[in-house]
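Enquirer: Take a look at protein.tsv, TSV, C-alpha atoms:
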chain	number	residue	atom	x	y	z
A	1	MET	CA	16.77	-5.21	-12.57
A	2	LEU	CA	17.55	-1.99	-14.39
A	3	LEU	CA	16.21	-3.60	-17.55
A	4	PHE	CA	13.02	-4.37	-15.61
A	5	ARG	CA	12.62	-0.73	-14.54
A	6	LEU	CA	13.33	0.68	-18.01
A	7	THR	CA	10.56	-1.39	-19.57
A	8	SER	CA	7.98	-1.16	-16.75
A	9	PRO	CA	4.78	0.95	-16.84
A	10	PRO	CA	4.24	3.73	-17.71
A	11	TYR	CA	5.62	2.39	-20.97
A	12	THR	CA	8.04	4.53	-22.96
A	13	TYR	CA	9.05	1.72	-25.34
A	14	PRO	CA	12.83	2.39	-25.42
A	15	ASP	CA	14.63	0.92	-28.41
A	16	LYS	CA	17.75	-1.20	-28.01
A	17	ALA	CA	20.10	1.77	-28.42
A	18	ARG	CA	18.41	3.67	-25.57
A	19	LEU	CA	18.39	0.58	-23.37
A	20	PHE	CA	22.07	-0.06	-23.97
A	21	ASP	CA	22.89	3.59	-23.26
A	22	HIS	CA	21.06	3.51	-19.89
A	23	LEU	CA	22.71	0.24	-18.94
A	24	GLN	CA	26.17	1.52	-19.85
A	25	GLN	CA	25.64	4.73	-17.86
A	26	ALA	CA	24.87	2.51	-14.87
A	27	GLY	CA	28.27	0.89	-15.31
A	28	LEU	CA	26.91	-2.42	-16.61
A	29	GLU	CA	28.42	-4.58	-19.29
A	30	VAL	CA	26.21	-4.43	-22.39
A	31	SER	CA	26.16	-6.62	-25.47
A	32	GLU	CA	23.64	-8.57	-27.50
A	33	THR	CA	24.57	-11.62	-25.46
A	34	THR	CA	24.09	-9.98	-22.05
A	35	PHE	CA	20.84	-8.35	-23.22
A	36	GLU	CA	19.35	-11.70	-24.25
A	37	ARG	CA	20.70	-13.31	-21.07
A	38	ASP	CA	19.05	-10.69	-18.85
A	39	LYS	CA	15.73	-11.07	-20.66
A	40	LYS	CA	15.94	-14.82	-20.16
A	41	GLU	CA	16.70	-14.44	-16.43
A	42	LEU	CA	13.74	-12.10	-15.92
A	43	LYS	CA	11.47	-14.67	-17.55
A	44	GLU	CA	12.85	-17.72	-15.74
A	45	GLU	CA	13.24	-16.19	-12.26
A	46	PHE	CA	10.23	-13.85	-12.11
A	47	GLY	CA	7.95	-14.86	-14.98
A	48	LEU	CA	8.46	-11.45	-16.62
A	49	GLN	CA	8.73	-11.08	-20.38
A	50	VAL	CA	10.43	-8.12	-22.04
A	51	ARG	CA	8.95	-7.98	-25.53
A	52	PHE	CA	9.47	-5.85	-28.63
A	53	SER	CA	6.53	-3.76	-29.84
A	54	LYS	CA	6.52	-3.34	-33.61
A	55	PRO	CA	4.01	-0.42	-33.58
A	56	HIS	CA	6.14	1.48	-31.03
A	57	GLN	CA	9.50	0.16	-32.24
A	58	GLY	CA	10.67	-0.42	-28.69
A	59	TYR	CA	10.65	-2.79	-25.72
A	60	TYR	CA	8.09	-3.14	-22.93
A	61	LEU	CA	7.26	-5.40	-19.98
A	62	TYR	CA	4.52	-7.72	-21.16
A	63	ARG	CA	1.41	-8.25	-19.03
A	64	PRO	CA	-0.80	-11.26	-19.93
A	65	PRO	CA	-4.26	-10.08	-21.00
A	66	ASP	CA	-5.96	-12.34	-18.45
A	67	GLU	CA	-3.94	-10.99	-15.50
A	68	ASP	CA	-5.63	-8.50	-13.21
A	69	VAL	CA	-3.96	-5.11	-13.57
A	70	GLY	CA	-4.07	-4.60	-9.80
A	71	ASP	CA	-2.25	-7.88	-9.25
A	72	PHE	CA	0.31	-6.94	-11.89
A	73	HIS	CA	1.05	-3.59	-10.27
A	74	GLN	CA	1.25	-5.20	-6.81
A	75	PHE	CA	3.78	-7.70	-8.15
A	76	LEU	CA	5.84	-4.92	-9.71
A	77	GLU	CA	5.79	-3.01	-6.42
A	78	LEU	CA	6.89	-6.11	-4.51
A	79	LEU	CA	9.70	-6.72	-6.98
A	80	GLU	CA	10.79	-3.09	-6.81
A	81	ARG	CA	10.96	-3.21	-3.01
A	82	TRP	CA	12.97	-6.42	-3.14
A	83	GLU	CA	15.37	-4.90	-5.67
A	84	ARG	CA	15.84	-1.70	-3.65
A	85	LEU	CA	16.89	-3.68	-0.58
A	86	SER	CA	18.71	-6.59	-2.22
A	87	PHE	CA	22.06	-4.77	-2.10
A	88	PHE	CA	22.05	-5.31	1.69
A	89	LEU	CA	22.57	-9.02	1.02
A	90	GLN	CA	25.71	-8.50	-1.01
A	91	GLY	CA	29.12	-9.14	0.54
A	92	ASN	CA	29.32	-9.78	4.28
A	93	VAL	CA	25.68	-10.09	5.33
A	94	ARG	CA	26.57	-10.09	9.03
A	95	GLN	CA	27.90	-6.53	8.65
A	96	VAL	CA	24.42	-5.31	7.77
A	97	ALA	CA	23.42	-5.46	11.43
A	98	HIS	CA	26.21	-3.01	12.28
A	99	TYR	CA	24.86	-0.26	10.03
A	100	LEU	CA	21.07	-0.66	9.99
A	101	GLN	CA	18.42	-0.04	12.59
A	102	PHE	CA	14.96	-1.40	11.83
A	103	GLU	CA	11.81	-0.57	13.75
A	104	GLN	CA	11.31	-3.02	16.57
A	105	HIS	CA	7.95	-4.78	16.77
A	106	SER	CA	8.63	-7.57	19.21
A	107	GLU	CA	5.09	-7.27	20.58
A	108	LEU	CA	3.41	-7.78	17.20
A	109	GLN	CA	0.58	-10.22	17.80
A	110	GLY	CA	-1.18	-12.45	15.33
A	111	ALA	CA	1.83	-13.04	13.08
A	112	GLU	CA	1.51	-16.75	13.79
A	113	HIS	CA	-1.78	-16.72	11.86
A	114	LEU	CA	-0.24	-15.42	8.63
A	115	PRO	CA	0.85	-18.81	7.18
A	116	LEU	CA	-2.67	-20.22	7.61
A	117	LEU	CA	-4.28	-17.09	6.15
A	118	TRP	CA	-1.88	-17.21	3.21
A	119	ARG	CA	-2.86	-20.84	2.60
A	120	ALA	CA	-6.56	-19.93	2.72
A	121	LEU	CA	-5.99	-17.25	0.10
A	122	ARG	CA	-4.01	-19.55	-2.20
A	123	GLU	CA	-6.50	-22.40	-1.94
A	124	GLN	CA	-9.59	-20.12	-1.88
A	125	ARG	CA	-10.97	-21.79	1.22
A	126	CYS	CA	-13.34	-20.22	3.70
A	127	LEU	CA	-12.24	-19.41	7.23
A	128	ARG	CA	-13.79	-19.56	10.68
A	129	PHE	CA	-12.37	-17.64	13.63
A	130	ALA	CA	-13.35	-15.90	16.83
A	131	TYR	CA	-12.97	-12.14	16.71
A	132	GLN	CA	-12.89	-9.39	19.31
A	133	PRO	CA	-12.75	-5.81	17.96
A	134	PHE	CA	-10.95	-3.16	19.94
A	135	GLN	CA	-13.07	-1.44	22.60
A	136	GLN	CA	-15.59	-4.31	22.61
A	137	GLN	CA	-15.99	-7.02	25.21
A	138	ASP	CA	-17.94	-9.50	23.11
A	139	ILE	CA	-16.15	-12.17	21.09
A	140	THR	CA	-18.08	-13.28	18.01
A	141	GLU	CA	-17.67	-16.15	15.58
A	142	ARG	CA	-16.90	-15.17	11.99
A	143	TYR	CA	-17.20	-17.13	8.74
A	144	VAL	CA	-15.61	-15.42	5.74
A	145	GLU	CA	-14.20	-15.78	2.25
A	146	PRO	CA	-10.64	-14.38	2.44
A	147	CYS	CA	-9.74	-11.83	-0.19
A	148	LEU	CA	-6.46	-10.01	0.59
A	149	LEU	CA	-3.77	-9.63	3.21
A	150	LEU	CA	-2.56	-6.10	3.76
A	151	GLU	CA	-0.23	-4.24	6.09
A	152	ASP	CA	-0.96	-0.79	7.45
A	153	ARG	CA	1.08	1.03	10.09
A	154	ASN	CA	2.86	-2.15	11.18
A	155	ARG	CA	-0.35	-4.12	11.62
A	156	TRP	CA	-1.63	-6.95	9.44
A	157	TYR	CA	-5.23	-7.13	8.25
A	158	LEU	CA	-7.34	-9.67	6.43
A	159	VAL	CA	-9.83	-8.33	3.91
A	160	ALA	CA	-12.65	-10.84	3.51
A	161	TRP	CA	-16.18	-11.18	2.20
A	162	SER	CA	-18.75	-11.78	4.91
A	163	PRO	CA	-21.66	-13.85	3.53
A	164	LYS	CA	-23.71	-12.94	6.61
A	165	ASP	CA	-23.30	-9.17	6.15
A	166	GLN	CA	-23.01	-9.35	2.34
A	167	LYS	CA	-20.05	-6.98	2.21
A	168	LEU	CA	-16.28	-6.79	2.38
A	169	LYS	CA	-14.90	-6.39	5.90
A	170	THR	CA	-11.43	-5.85	7.35
A	171	PHE	CA	-10.20	-7.85	10.32
A	172	GLY	CA	-7.13	-7.10	12.41
A	173	VAL	CA	-5.04	-10.27	12.45
A	174	GLU	CA	-3.97	-9.74	16.08
A	175	ARG	CA	-7.63	-9.76	17.14
A	176	MET	CA	-8.33	-13.17	15.61
A	177	ARG	CA	-8.60	-16.20	17.85
A	178	ASP	CA	-8.11	-19.80	16.67
A	179	PRO	CA	-8.56	-19.31	12.88
A	180	GLN	CA	-9.52	-22.55	11.15
A	181	LEU	CA	-9.56	-23.59	7.50
A	182	THR	CA	-12.83	-25.09	6.36
A	183	GLU	CA	-13.47	-27.52	3.52
A	184	GLU	CA	-15.74	-25.00	1.80
A	185	THR	CA	-14.26	-23.16	-1.16
A	186	PHE	CA	-15.32	-20.10	-3.12
A	187	THR	CA	-14.75	-18.86	-6.65
A	188	GLN	CA	-15.74	-15.20	-6.76
A	189	ASP	CA	-12.77	-12.83	-6.86
A	190	ARG	CA	-13.55	-9.59	-5.02
A	191	ARG	CA	-10.05	-8.07	-4.97
A	192	ALA	CA	-10.88	-5.53	-7.68
A	193	ASP	CA	-13.87	-4.30	-5.63
A	194	TYR	CA	-11.70	-3.71	-2.57
A	195	ARG	CA	-8.92	-2.00	-4.50
A	196	ALA	CA	-11.43	0.30	-6.18
A	197	GLN	CA	-12.67	1.38	-2.75
A	198	LYS	CA	-9.20	1.71	-1.23
A	199	ALA	CA	-8.04	3.94	-4.09
A	200	TYR	CA	-9.86	6.80	-2.33
A	201	ALA	CA	-9.06	6.05	1.30
A	202	LEU	CA	-6.25	6.34	3.79
A	203	GLY	CA	-5.83	3.30	6.00
A	204	VAL	CA	-8.27	0.41	6.27
A	205	HIS	CA	-11.52	1.81	7.69
A	206	PHE	CA	-13.89	2.49	4.80
A	207	GLY	CA	-16.72	0.85	2.92
A	208	ALA	CA	-18.51	0.79	-0.41
A	209	ASP	CA	-21.34	2.86	1.09
A	210	GLN	CA	-19.06	5.82	1.88
A	211	HIS	CA	-19.01	8.84	-0.41
A	212	ILE	CA	-15.84	10.23	-1.92
A	213	GLU	CA	-15.40	13.84	-0.79
A	214	ARG	CA	-13.39	16.73	-2.20
A	215	VAL	CA	-10.98	17.53	0.62
A	216	VAL	CA	-9.15	20.87	0.48
A	217	LEU	CA	-6.22	21.47	2.83
A	218	ARG	CA	-3.83	24.37	3.34
A	219	PHE	CA	-0.40	23.55	4.75
A	220	ALA	CA	1.88	26.14	6.31
A	221	THR	CA	5.22	26.89	4.65
A	222	PRO	CA	7.39	24.62	6.86
A	223	MET	CA	5.44	21.57	5.62
A	224	VAL	CA	5.53	22.42	1.91
A	225	PRO	CA	8.73	20.49	1.02
A	226	TYR	CA	7.39	17.37	2.74
A	227	LEU	CA	4.05	17.48	0.94
A	228	LYS	CA	5.71	18.04	-2.41
A	229	THR	CA	8.16	15.16	-2.08
A	230	LEU	CA	5.71	12.78	-0.37
A	231	PRO	CA	2.07	13.64	-1.17
A	232	LEU	CA	-0.57	12.81	1.40
A	233	HIS	CA	-2.40	10.63	-1.14
A	234	ALA	CA	-2.17	9.65	-4.79
A	235	THR	CA	-5.10	11.96	-5.65
A	236	GLN	CA	-3.34	15.06	-4.26
A	237	ARG	CA	-3.44	18.06	-6.62
A	238	VAL	CA	-1.91	21.47	-5.98
A	239	LEU	CA	-4.35	24.39	-6.09
A	240	ALA	CA	-1.99	27.12	-4.89
A	241	ASP	CA	1.63	27.44	-3.87
A	242	ASP	CA	2.23	30.92	-2.52
A	243	GLU	CA	3.17	32.91	0.57
A	244	ALA	CA	0.19	31.44	2.43
A	245	GLY	CA	1.60	27.96	2.01
A	246	LEU	CA	0.51	25.00	-0.10
A	247	THR	CA	-3.17	24.45	-0.84
A	248	VAL	CA	-4.08	21.01	-2.15
A	249	GLU	CA	-7.22	19.08	-2.93
A	250	LEU	CA	-7.73	15.35	-2.63
A	251	ASP	CA	-10.49	12.87	-3.39
A	252	LEU	CA	-11.02	10.83	-0.23
A	253	VAL	CA	-13.59	9.17	1.98
A	254	LEU	CA	-13.76	10.68	5.46
A	255	ASN	CA	-12.48	8.13	7.97
A	256	PRO	CA	-10.52	7.97	11.25
A	257	GLU	CA	-7.20	7.46	9.43
A	258	LEU	CA	-7.61	10.75	7.57
A	259	GLU	CA	-8.33	12.57	10.83
A	260	ARG	CA	-5.33	10.93	12.50
A	261	GLU	CA	-3.08	11.97	9.63
A	262	LEU	CA	-4.26	15.58	9.81
A	263	LEU	CA	-3.84	15.69	13.59
A	264	GLY	CA	-0.21	14.71	13.02
A	265	TYR	CA	0.34	18.02	11.21
A	266	ALA	CA	-1.12	19.92	14.18
A	267	GLU	CA	-0.85	23.70	13.71
A	268	TYR	CA	0.60	23.37	10.21
A	269	VAL	CA	-2.62	22.35	8.44
A	270	GLU	CA	-6.06	23.88	8.03
A	271	VAL	CA	-9.05	22.02	6.59
A	272	LEU	CA	-10.84	24.30	4.14
A	273	ALA	CA	-13.38	21.74	2.88
A	274	PRO	CA	-15.61	19.91	3.42
A	275	GLN	CA	-17.26	21.74	6.31
A	276	ALA	CA	-18.07	18.50	8.15
A	277	LEU	CA	-14.38	17.53	8.29
A	278	ARG	CA	-13.37	21.06	9.28
A	279	GLN	CA	-15.86	20.99	12.16
A	280	ARG	CA	-14.74	17.51	13.22
A	281	MET	CA	-11.07	18.55	13.34
A	282	ALA	CA	-11.92	21.71	15.31
A	283	GLU	CA	-13.77	19.58	17.87
A	284	ARG	CA	-10.90	17.11	18.22
A	285	LEU	CA	-8.31	19.86	18.58
A	286	GLU	CA	-10.44	21.60	21.19
A	287	ALA	CA	-10.83	18.33	23.09
A	288	ALA	CA	-7.06	17.82	22.94
A	289	LEU	CA	-6.42	21.32	24.25
A	290	THR	CA	-8.57	20.69	27.35
A	291	ARG	CA	-6.08	18.04	28.42
A	292	TYR	CA	-3.42	20.75	28.74
A	293	GLN	CA	-5.45	23.14	30.85
A	294	PRO	CA	-4.53	25.35	32.58
A	295	PHE	CA	-2.35	26.50	29.71
A	296	THR	CA	-0.30	29.69	29.55
A	297	PRO	CA	0.89	30.46	26.02
A	298	LYS	CA	4.40	31.79	25.53
A	299	LYS	CA	4.62	35.56	25.14
Using the file provided, produce a representation of the structure as structure tokens.

Expert:
Amino acid sequence: MLLFRLTSPPYTYPDKARLFDHLQQAGLEVSETTFERDKKELKEEFGLQVRFSKPHQGYYLYRPPDEDVGDFHQFLELLERWERLSFFLQGNVRQVAHYLQFEQHSELQGAEHLPLLWRALREQRCLRFAYQPFQQQDITERYVEPCLLLEDRNRWYLVAWSPKDQKLKTFGVERMRDPQLTEETFTQDRRADYRAQKAYALGVHFGADQHIERVVLRFATPMVPYLKTLPLHATQRVLADDEAGLTVELDLVLNPELERELLGYAEYVEVLAPQALRQRMAERLEAALTRYQPFTPKK
């Protein structure tokens, strides 16, 4: 898998000498034979082709021209995650349970629907199901064209096109009731539309009609190392890093997930822009403070 990482995007087109050097530094046996064997295994097991680029005089991971770039990157991410955890399966697998502690989600609901949803996606077949959103009493019937399955904060969601509403919608899998495959199929691929929208959003609550805002945040010094090593979002850019803390700007739609994330930083973050988000956070913090009244601050 090291060969896979060395030739993955962003492409640097390493030549054979550089590849061999990296592999040897990792303690791997390297020869023309093992190099060709590893390329063959990547192709046969994962459908990945390591090719030589004559213009760049180096190797790269080939992506078919007809393959969606979003799908390609998702596949690479899935493969990377598998590779990072595969060492747990080496040796005595039973010992893994002695040294690992995973999050427990025994109450996760809706997981039984995932195989059927996965089949609907593969076969591009429409779905019918009853749905009850949180904080609503009414259960409504839905008819959709499934688009994507996604996980967010230990919950599964189905992204689907609603012919009735003529837009992409997100449904919590645990709130579905009796999902059924229909005989109707569809051909339009809307995954690129959803991914384009999600590129500027935290979480799952957003839509094509929402505007992308310039969000400016200032984090207090104790949070700076965390924000540098794990940015809040891919669009995060540093405006200032000084005694006042870390000031960053991001390009995001304003949604509940963004507010929830900022509330998690409590007194360590200040919203500088936009004014609407700053006002919203002030109102939520004030409402939270009323729950602790009477309150006597420490002297």

Enquirer: Which distance in Å separates CA of Phe20 in chain A and CA of Phe35 in chain A, to one decimal?

Expert: 8.4 Å

Enquirer: Determine the axis-aligned bounding box of all atoms of range 54-68 of chain A present in the file, pad each side by 8 Å, and express its centre and edge lengths in Å to one decimal place as AutoDock Vina command-line options.

Expert:
--center_x 2.4 --center_y -5.4 --center_z -23.4 --size_x 32.6 --size_y 29.8 --size_z 36.4

Enquirer: For the atom pair CA of Gln124 in chain A and CA of Lys164 in chain A, what is the interatomic distance in Å to one decimal place?

Expert: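 If I compute the distance from CA of Gln124 in chain A to CA of Lys164 in chain A, I get 18.0 Å.
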
Enquirer: Using all atoms listed in the file, find the one residue out of A:Leu148, A:Cys126, A:Leu285, A:Leu168 that sits nearest to Leu114 in chain A.

Expert: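 Selected residue with least distance to Leu114 in chain A: A:Leu148.
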
Enquirer: What is the CA of Gln24 in chain A to CA of Arg63 in chain A distance in Å?

Expert: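 One can read the CA of Gln24 in chain A to CA of Arg63 in chain A distance as 26.6 Å.
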
Enquirer: Just the residues within 9 Å of Gly110 in chain A, please, counting all atoms listed in the file, with nothing from its chain fewer than 2 positions along; format it as number ranges by chain.

Expert: A: 108, 112-114, 156, 172-177

Enquirer: Place a sphere of radius 12 Å on (-2.9, 25.5, 6.3) in the file coordinates and name every protein, DNA or RNA residue with an atom inside or on its surface, counting all atoms listed in the file; give the answer as a ChimeraX atom specification.

Expert: /A:216-224,227,240-248,262,265-273,278

Enquirer: Take the residues just selected and output them with C-alpha atoms as a PDB file, in the frame of the given file.

Expert:
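For reference, out05.pdb as written:
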ATOM      1  CA  VAL A 216      -9.150  20.870   0.480  1.00  0.00           C
ATOM      2  CA  LEU A 217      -6.220  21.470   2.830  1.00  0.00           C
ATOM      3  CA  ARG A 218      -3.830  24.370   3.340  1.00  0.00           C
ATOM      4  CA  PHE A 219      -0.400  23.550   4.750  1.00  0.00           C
ATOM      5  CA  ALA A 220       1.880  26.140   6.310  1.00  0.00           C
ATOM      6  CA  THR A 221       5.220  26.890   4.650  1.00  0.00           C
ATOM      7  CA  PRO A 222       7.390  24.620   6.860  1.00  0.00           C
ATOM      8  CA  MET A 223       5.440  21.570   5.620  1.00  0.00           C
ATOM      9  CA  VAL A 224       5.530  22.420   1.910  1.00  0.00           C
ATOM     10  CA  LEU A 227       4.050  17.480   0.940  1.00  0.00           C
ATOM     11  CA  ALA A 240      -1.990  27.120  -4.890  1.00  0.00           C
ATOM     12  CA  ASP A 241       1.630  27.440  -3.870  1.00  0.00           C
ATOM     13  CA  ASP A 242       2.230  30.920  -2.520  1.00  0.00           C
ATOM     14  CA  GLU A 243       3.170  32.910   0.570  1.00  0.00           C
ATOM     15  CA  ALA A 244       0.190  31.440   2.430  1.00  0.00           C
ATOM     16  CA  GLY A 245       1.600  27.960   2.010  1.00  0.00           C
ATOM     17  CA  LEU A 246       0.510  25.000  -0.100  1.00  0.00           C
ATOM     18  CA  THR A 247      -3.170  24.450  -0.840  1.00  0.00           C
ATOM     19  CA  VAL A 248      -4.080  21.010  -2.150  1.00  0.00           C
ATOM     20  CA  LEU A 262      -4.260  15.580   9.810  1.00  0.00           C
ATOM     21  CA  TYR A 265       0.340  18.020  11.210  1.00  0.00           C
ATOM     22  CA  ALA A 266      -1.120  19.920  14.180  1.00  0.00           C
ATOM     23  CA  GLU A 267      -0.850  23.700  13.710  1.00  0.00           C
ATOM     24  CA  TYR A 268       0.600  23.370  10.210  1.00  0.00           C
ATOM     25  CA  VAL A 269      -2.620  22.350   8.440  1.00  0.00           C
ATOM     26  CA  GLU A 270      -6.060  23.880   8.030  1.00  0.00           C
ATOM     27  CA  VAL A 271      -9.050  22.020   6.590  1.00  0.00           C
ATOM     28  CA  LEU A 272     -10.840  24.300   4.140  1.00  0.00           C
ATOM     29  CA  ALA A 273     -13.380  21.740   2.880  1.00  0.00           C
ATOM     30  CA  ARG A 278     -13.370  21.060   9.280  1.00  0.00           C
TER      31      ARG A 278
END

Enquirer: Could you list, as an MDAnalysis selection string, every residue within 7 Å of Tyr157 in chain A, counting only C-alpha atoms and ignoring same-chain residues fewer than 2 positions away?

Expert: chainID A and resid 149:151 155 159 170:173

Enquirer: Could you tell me which of A:Gln293, A:Gln275, A:Gln236, A:Asn255 comes closest to Phe206 in chain A if we count only C-alpha atoms?

Expert: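 Of A:Gln293, A:Gln275, A:Gln236, A:Asn255, the one nearest Phe206 in chain A is A:Asn255, counting only C-alpha atoms.
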
Enquirer: Residues within 12 Å of Pro274 in chain A, please, as a list in words. Count all atoms listed in the file; anything in the same chain fewer than 4 positions from it doesn't count.

Expert: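 After dropping sequence-adjacent residues, the list is Ile212, Glu213, Arg214, Val215, Val216, Leu217, Glu249, Leu250, Asp251, Leu252, Val253, Leu254, Glu270, Arg278, Gln279, Arg280 and Met281 of chain A.
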
Enquirer: Residues as selected, C-alpha atoms, written as an mmCIF file, keeping the file's coordinate frame, can you do that?

Expert:
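Result file part_36.cif:
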data_model
loop_
_atom_site.group_PDB
_atom_site.id
_atom_site.type_symbol
_atom_site.label_atom_id
_atom_site.label_comp_id
_atom_site.auth_asym_id
_atom_site.auth_seq_id
_atom_site.Cartn_x
_atom_site.Cartn_y
_atom_site.Cartn_z
ATOM 1 C CA ILE A 212 -15.840 10.230 -1.920
ATOM 2 C CA GLU A 213 -15.400 13.840 -0.790
ATOM 3 C CA ARG A 214 -13.390 16.730 -2.200
ATOM 4 C CA VAL A 215 -10.980 17.530 0.620
ATOM 5 C CA VAL A 216 -9.150 20.870 0.480
ATOM 6 C CA LEU A 217 -6.220 21.470 2.830
ATOM 7 C CA GLU A 249 -7.220 19.080 -2.930
ATOM 8 C CA LEU A 250 -7.730 15.350 -2.630
ATOM 9 C CA ASP A 251 -10.490 12.870 -3.390
ATOM 10 C CA LEU A 252 -11.020 10.830 -0.230
ATOM 11 C CA VAL A 253 -13.590 9.170 1.980
ATOM 12 C CA LEU A 254 -13.760 10.680 5.460
ATOM 13 C CA GLU A 270 -6.060 23.880 8.030
ATOM 14 C CA ARG A 278 -13.370 21.060 9.280
ATOM 15 C CA GLN A 279 -15.860 20.990 12.160
ATOM 16 C CA ARG A 280 -14.740 17.510 13.220
ATOM 17 C CA MET A 281 -11.070 18.550 13.340
#

Enquirer: List as a PyMOL selection string the protein and nucleic acid residues near Arg51 in chain A, meaning an atom at most 9 Å away when all atoms listed in the file are counted, but skip any in the same chain fewer than 3 places from it.

Expert: chain A and resi 39+58-62
